[in-house]
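Take a look at the structure below.
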Amino acid sequence: MEALQRAGHTVVEADDARAAVVVSASRTPDIVLLTSPDTSADDVVSLARAIPDRSQALRDHEDDVDFAMSVARIGVSYRQLDAHEITVSRSLANLLGFPPGTLHITRDDLLRNIHPDDLERVRGAVGDAVTRGSEFQIEYRWQSEEGWRWLRSNGRVSTSRPGQPARLFTSIADVTERRSLELQLQQVQKMEAIGQLAGGVAHDFNNLLTAIGGYAGLLHEAADQPGQREDLEEILKATRRAAALTRQLLAFSRRQVVEPTLIDLDSLIEEMAAMLRRIIGENIHLTTRLLADAASVRADRGQLEQVVMNLVVNARDAIGTRGNIRLETSVITLGSEAAGFRMATRPGRYVLFSVSDTGHGMGEDTMARLFEPFFTTKPRGQGTGLGLATVYGIVAQTGGSIDVLSELGQGSTFNVYLPLHDRPTPHAQAVDAKAVAGGTETILLAEDEAPVRALARVILQRAGYTVIEAATPAEAEARSLSMPTIDLLLTDVVMPGGTGPELFRRLSARRPTLRVLFMSGYAERDLFDRAAVTHTGAFLPKPFSKDELIARVRETLDK
């Protein structure tokens with residue numbers, strides 16, 4: 001047998017014909033050596049017929065298994081622990097990027113492509129398993145032609161048989177997509193938690209701003225001494241700036257009650273273009289490439305303008321002194337790939353709004369934190385870190401998604417996907433609050449914040465209305481029982497012990513003609529849905545001014 005092997009033959013040795021068939025099927029020998037003296041001619045004939053059939057069947061089975069593993073991006077390998085060579089499956093060779101037909105690689109071939117930061121972890125995990133004769137599982141980065149991929153290796157050391165060294169069996173799978181989805185989920189969860197905090201802060205802050213701004217406005221109207229009006233104007237300016245900041249927090253947290261309408265995005269961008277050019281300056285060139293046909297999206301106009309403005313300003317800051325910004329719109333149909341976006345999106349037709357710049361671009365670390373609130377790469381005092389966080393919240397609230405493409409030194413492109421709608425509708429014009437008078441109707445005011453409740457009562461009573469106050473929904477409902485007439489319920493949306501929509505639903509069951517005006521600095525949209533109440537056209541965001549409150553009350557009563 002040794003002489004045959006030295007001559008280059010593959011030889012299988014077996015005691016009988018049946019054992020020879022089994023062994024030969026996995027080794028495809030040139031020569032089968034039967035050592036049993038009882039072997040007959042019939043056994044030899046049977047052996048000659050069986051070996052090719054079994055060998056071919058086994059090869060077909062291996063091909064099927066290897067194809068399945070290639071589709072699943074999985075491969076297997078093994079090596080004897082006293083050897084340097086590793087035997088790999090065809091699927092693993094393909095997965096790792098080795099030439100087709102590769103069946104053997106060295107440990108160095110494997111280790112040299114592992115990320116340097118992961119190499120010691122891999123060595124340690126494999127070394128511990130070999131020392132203990134146990135199993136290991138580890139994930140690490142692998143350098144491929146497409147860049148760094150994440151692999152997961154599961155290995156087990158076999159118990160050595162007498163006279164044979166132990167072997168290490170390993171399965172390797174590409175888990176890059178899984179890790180990407182996990183990171184997206186973690187990011188969404190983190191953003192949601194921060195959003196809840198931001199919404200809660202904005203709610204309390206808006207109540208304070210309502211009282212500060214409201215009473216400052218009343219004093220401003222009554223001021224008659226030199227310097228008083230100027231001082232109060234500064235207070236009102238600061239209040240408005242603070243209110244804008246809380247609106248950004250609410251937009252980011254998606255807890256802002258909005259009034260969406262169908263908007264022609266191209267028309268909105270064209271209307272804003274002149275203003276945008278003034279903002280970015282003469283040294284930065286702004287170009288637009290918009291759809292020839294109208295592309296309508298359903299959104300709050302003010303929020304949509306904020307998205308355009310924030311992205312353009314962000315692009316300007318990335319450019320610095322000189323460069324180009326390009327605004328483009330198109331209609332795109334998204335399929336299953338929409339589920340893998342930064343914000344998972346349903347398949348369908350979308351308006352794609354892109355903002356591209358020739359700025360300095362971003363690295364991976366910045367990209368990972370791009371939409372976190374209060375994260376900014378700008379110098380201290382030059383940015384709040386809420387611009388892109390606000391964009392993120394607004395886009396998510398419209399049912400869309402946002403994606404970013406960027407490389408250091410190569411500029412950036414922000415792609416915003418907004419659900420496409422059929423046709424635009426004209427935007428309602430804002431009401432001139434100063435042109436609206438008060439009235440003599442009776443108003444039930446339900447507000448848990450005492451300063452806000454007192455301010456609203458003073459403003460409405462000075463405008464001629466009769467006002468009945470309540471601090472909770474239960475108190476409001478109890479007081480309504482003794483009131484012969486209630487023309488309007490003015491209620492906060494979120495209160496201890498209940499909500500404004502639920503209070504209105506109970507009161508309107510007894511008073512079908514009752515009108516309602518909701519007010520809030522923070523509100524979940526589904527509060528209205530759960531209470532089966534519509535709030536379109538009857539919502540007053542906090543903080544509000546005297547004129548805004550009087551105008552919206554009169555508008556609601558006159559509908």
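Within each chain, counting starts at residue 1; across the structure tokens, chains are named A, B, ... in the order shown, with ligands numbered 1 upward in that order.
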
Residue set, stretch 211-298 of chain A restricted to strand (DSSP E or B), as a ChimeraX atom specification: /A:261-264,284-289,296-298

Keeping only all heavy atoms, take the residues you just selected and write them out as a short mmCIF file (atom, residue, chain, number, x, y, z; two decimals), in the first residue's frame.
data_model
loop_
_atom_site.label_atom_id
_atom_site.label_comp_id
_atom_site.auth_asym_id
_atom_site.auth_seq_id
_atom_site.Cartn_x
_atom_site.Cartn_y
_atom_site.Cartn_z
N THR A 261 -51.27 69.80 5.52
CA THR A 261 -52.04 70.05 4.31
C THR A 261 -51.25 69.46 3.14
O THR A 261 -50.07 69.11 3.28
CB THR A 261 -52.25 71.56 4.08
OG1 THR A 261 -50.96 72.20 4.00
CG2 THR A 261 -53.06 72.17 5.20
N LEU A 262 -51.89 69.35 1.99
CA LEU A 262 -51.18 68.88 0.80
C LEU A 262 -50.39 70.06 0.21
O LEU A 262 -50.96 71.11 -0.08
CB LEU A 262 -52.17 68.33 -0.22
CG LEU A 262 -52.75 66.95 0.10
CD1 LEU A 262 -53.77 66.56 -0.95
CD2 LEU A 262 -51.65 65.91 0.19
N ILE A 263 -49.09 69.86 0.05
CA ILE A 263 -48.20 70.94 -0.37
C ILE A 263 -47.42 70.51 -1.60
O ILE A 263 -46.91 69.39 -1.67
CB ILE A 263 -47.22 71.30 0.77
CG1 ILE A 263 -47.99 71.74 2.02
CG2 ILE A 263 -46.23 72.37 0.33
CD1 ILE A 263 -47.12 71.88 3.25
N ASP A 264 -47.34 71.39 -2.58
CA ASP A 264 -46.47 71.18 -3.75
C ASP A 264 -45.05 71.52 -3.32
O ASP A 264 -44.71 72.69 -3.12
CB ASP A 264 -46.93 72.07 -4.90
CG ASP A 264 -46.06 71.89 -6.15
OD1 ASP A 264 -45.05 71.16 -6.06
OD2 ASP A 264 -46.40 72.46 -7.19
N ILE A 284 -21.44 81.23 -2.11
CA ILE A 284 -21.95 79.86 -2.24
C ILE A 284 -23.05 79.86 -3.29
O ILE A 284 -24.01 80.63 -3.20
CB ILE A 284 -22.46 79.31 -0.90
CG1 ILE A 284 -21.32 79.24 0.11
CG2 ILE A 284 -23.08 77.92 -1.08
CD1 ILE A 284 -21.74 78.78 1.50
N HIS A 285 -22.91 79.02 -4.29
CA HIS A 285 -23.83 78.99 -5.43
C HIS A 285 -24.92 77.95 -5.17
O HIS A 285 -24.64 76.78 -4.94
CB HIS A 285 -23.06 78.63 -6.70
CG HIS A 285 -23.89 78.72 -7.95
ND1 HIS A 285 -24.63 79.84 -8.27
CD2 HIS A 285 -24.10 77.82 -8.95
CE1 HIS A 285 -25.25 79.65 -9.41
NE2 HIS A 285 -24.95 78.42 -9.84
N LEU A 286 -26.18 78.40 -5.20
CA LEU A 286 -27.33 77.52 -4.98
C LEU A 286 -28.02 77.25 -6.31
O LEU A 286 -28.41 78.17 -7.02
CB LEU A 286 -28.32 78.16 -4.01
CG LEU A 286 -29.62 77.37 -3.75
CD1 LEU A 286 -29.31 76.11 -2.95
CD2 LEU A 286 -30.65 78.22 -3.01
N THR A 287 -28.16 75.97 -6.65
CA THR A 287 -28.88 75.59 -7.87
C THR A 287 -30.02 74.65 -7.51
O THR A 287 -29.97 73.95 -6.49
CB THR A 287 -27.94 74.89 -8.87
OG1 THR A 287 -27.40 73.70 -8.26
CG2 THR A 287 -26.83 75.80 -9.30
N THR A 288 -31.05 74.62 -8.36
CA THR A 288 -32.19 73.74 -8.13
C THR A 288 -32.47 72.94 -9.39
O THR A 288 -32.30 73.42 -10.51
CB THR A 288 -33.45 74.54 -7.75
OG1 THR A 288 -33.78 75.44 -8.81
CG2 THR A 288 -33.23 75.31 -6.46
N ARG A 289 -32.89 71.72 -9.20
CA ARG A 289 -33.35 70.87 -10.29
C ARG A 289 -34.63 70.19 -9.81
O ARG A 289 -34.60 69.17 -9.14
CB ARG A 289 -32.28 69.82 -10.65
CG ARG A 289 -32.67 68.96 -11.84
CD ARG A 289 -31.57 67.95 -12.15
NE ARG A 289 -31.94 67.10 -13.27
CZ ARG A 289 -31.18 66.12 -13.72
NH1 ARG A 289 -30.01 65.86 -13.15
NH2 ARG A 289 -31.59 65.38 -14.74
N SER A 296 -46.80 66.43 -4.73
CA SER A 296 -47.41 66.88 -3.48
C SER A 296 -47.09 65.94 -2.33
O SER A 296 -47.06 64.72 -2.50
CB SER A 296 -48.93 66.97 -3.64
OG SER A 296 -49.25 67.87 -4.68
N VAL A 297 -46.86 66.54 -1.17
CA VAL A 297 -46.65 65.79 0.07
C VAL A 297 -47.60 66.33 1.12
O VAL A 297 -48.01 67.50 1.05
CB VAL A 297 -45.19 65.89 0.54
CG1 VAL A 297 -44.24 65.29 -0.48
CG2 VAL A 297 -44.80 67.33 0.83
N ARG A 298 -47.94 65.49 2.07
CA ARG A 298 -48.83 65.92 3.14
C ARG A 298 -47.99 66.21 4.38
O ARG A 298 -47.39 65.31 4.97
CB ARG A 298 -49.88 64.86 3.44
CG ARG A 298 -50.94 65.33 4.44
CD ARG A 298 -52.11 64.36 4.51
NE ARG A 298 -53.15 64.85 5.41
CZ ARG A 298 -54.06 65.76 5.08
NH1 ARG A 298 -54.06 66.26 3.86
NH2 ARG A 298 -54.97 66.17 5.96
#

If you count only C-alpha atoms, which residues fall within 12 Å of A:Pro116, apart from same-chain ones fewer than 5 positions away, as a tab-separated table (two decimals) with all heavy atoms, in the first residue's frame?
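Okay, part.tsv is ready:
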chain	number	residue	atom	x	y	z
A	111	LEU	N	-5.69	35.10	9.34
A	111	LEU	CA	-5.46	36.13	10.35
A	111	LEU	C	-5.13	37.49	9.74
A	111	LEU	O	-5.47	38.52	10.32
A	111	LEU	CB	-4.33	35.70	11.30
A	111	LEU	CG	-4.61	34.45	12.14
A	111	LEU	CD1	-3.38	34.09	12.97
A	111	LEU	CD2	-5.81	34.67	13.05
A	121	ARG	N	-8.59	39.47	20.22
A	121	ARG	CA	-9.79	38.80	20.75
A	121	ARG	C	-9.99	37.46	20.08
A	121	ARG	O	-10.34	36.46	20.72
A	121	ARG	CB	-11.03	39.67	20.53
A	121	ARG	CG	-11.11	40.90	21.41
A	121	ARG	CD	-12.49	41.54	21.37
A	121	ARG	NE	-12.90	41.89	20.03
A	121	ARG	CZ	-13.86	41.26	19.35
A	121	ARG	NH1	-14.50	40.23	19.89
A	121	ARG	NH2	-14.20	41.67	18.13
A	122	VAL	N	-9.78	37.43	18.75
A	122	VAL	CA	-9.95	36.18	18.01
A	122	VAL	C	-8.91	35.15	18.46
A	122	VAL	O	-9.23	33.99	18.73
A	122	VAL	CB	-9.84	36.44	16.49
A	122	VAL	CG1	-9.88	35.12	15.72
A	122	VAL	CG2	-10.97	37.35	16.03
A	123	ARG	N	-7.65	35.59	18.55
A	123	ARG	CA	-6.59	34.67	19.00
A	123	ARG	C	-6.91	34.13	20.39
A	123	ARG	O	-6.74	32.93	20.66
A	123	ARG	CB	-5.25	35.40	19.03
A	123	ARG	CG	-4.65	35.72	17.66
A	123	ARG	CD	-3.30	36.40	17.86
A	123	ARG	NE	-2.68	36.81	16.62
A	123	ARG	CZ	-1.88	36.03	15.90
A	123	ARG	NH1	-1.64	34.78	16.30
A	123	ARG	NH2	-1.34	36.47	14.79
A	140	TYR	N	-16.16	39.43	14.61
A	140	TYR	CA	-15.02	40.28	14.31
A	140	TYR	C	-15.16	40.82	12.90
A	140	TYR	O	-15.99	40.36	12.11
A	140	TYR	CB	-13.72	39.47	14.43
A	140	TYR	CG	-13.73	38.18	13.64
A	140	TYR	CD1	-13.28	38.12	12.33
A	140	TYR	CD2	-14.24	37.01	14.22
A	140	TYR	CE1	-13.31	36.94	11.61
A	140	TYR	CE2	-14.29	35.82	13.50
A	140	TYR	CZ	-13.82	35.80	12.21
A	140	TYR	OH	-13.87	34.62	11.49
A	141	ARG	N	-14.33	41.81	12.59
A	141	ARG	CA	-14.36	42.44	11.27
A	141	ARG	C	-13.34	41.79	10.33
A	141	ARG	O	-12.23	41.47	10.74
A	141	ARG	CB	-14.07	43.93	11.40
A	141	ARG	CG	-15.23	44.74	11.96
A	141	ARG	CD	-14.77	46.09	12.49
A	141	ARG	NE	-14.02	45.94	13.73
A	141	ARG	CZ	-13.56	46.96	14.44
A	141	ARG	NH1	-13.76	48.21	14.02
A	141	ARG	NH2	-12.88	46.75	15.56
A	142	TRP	N	-13.77	41.64	9.08
A	142	TRP	CA	-12.95	40.98	8.07
A	142	TRP	C	-12.83	41.90	6.86
A	142	TRP	O	-13.81	42.46	6.39
A	142	TRP	CB	-13.60	39.65	7.66
A	142	TRP	CG	-12.97	38.98	6.48
A	142	TRP	CD1	-13.29	39.16	5.16
A	142	TRP	CD2	-11.90	38.04	6.49
A	142	TRP	NE1	-12.49	38.38	4.37
A	142	TRP	CE2	-11.63	37.67	5.15
A	142	TRP	CE3	-11.15	37.44	7.51
A	142	TRP	CZ2	-10.64	36.75	4.81
A	142	TRP	CZ3	-10.17	36.53	7.17
A	142	TRP	CH2	-9.93	36.19	5.84
A	143	GLN	N	-11.61	42.08	6.39
A	143	GLN	CA	-11.37	42.95	5.23
A	143	GLN	C	-11.74	42.23	3.94
A	143	GLN	O	-11.14	41.22	3.58
A	143	GLN	CB	-9.90	43.35	5.18
A	143	GLN	CG	-9.56	44.25	3.99
A	143	GLN	CD	-10.17	45.63	4.12
A	143	GLN	OE1	-9.87	46.36	5.04
A	143	GLN	NE2	-11.06	45.98	3.21
A	148	TRP	N	-14.97	46.53	5.19
A	148	TRP	CA	-15.02	45.70	6.38
A	148	TRP	C	-16.38	45.03	6.51
A	148	TRP	O	-17.41	45.69	6.48
A	148	TRP	CB	-14.73	46.52	7.64
A	148	TRP	CG	-13.32	47.02	7.72
A	148	TRP	CD1	-12.89	48.30	7.52
A	148	TRP	CD2	-12.15	46.24	7.99
A	148	TRP	NE1	-11.53	48.36	7.65
A	148	TRP	CE2	-11.04	47.11	7.95
A	148	TRP	CE3	-11.94	44.88	8.26
A	148	TRP	CZ2	-9.75	46.68	8.17
A	148	TRP	CZ3	-10.64	44.45	8.48
A	148	TRP	CH2	-9.56	45.34	8.44

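For A:Ala454, the set of protein, DNA and RNA residues having any atom at most 10 Å away, when counting only C-alpha atoms and skipping those fewer than 4 positions along the same chain, is Ala211, Leu445, Glu447, Glu449, Ala450, Val458, Ile459 and Glu469 of chain A.
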
Which is closer to A:Gly147 than all the others in A:Asn113, A:Ser180, A:Gln306, A:Gln186, using only C-alpha atoms? A:Asn113

For A:Ala242, which residue among A:Pro543, A:Gly101, A:Asp266, A:Asp558 is the nearest when counting only C-alpha atoms? A:Pro543
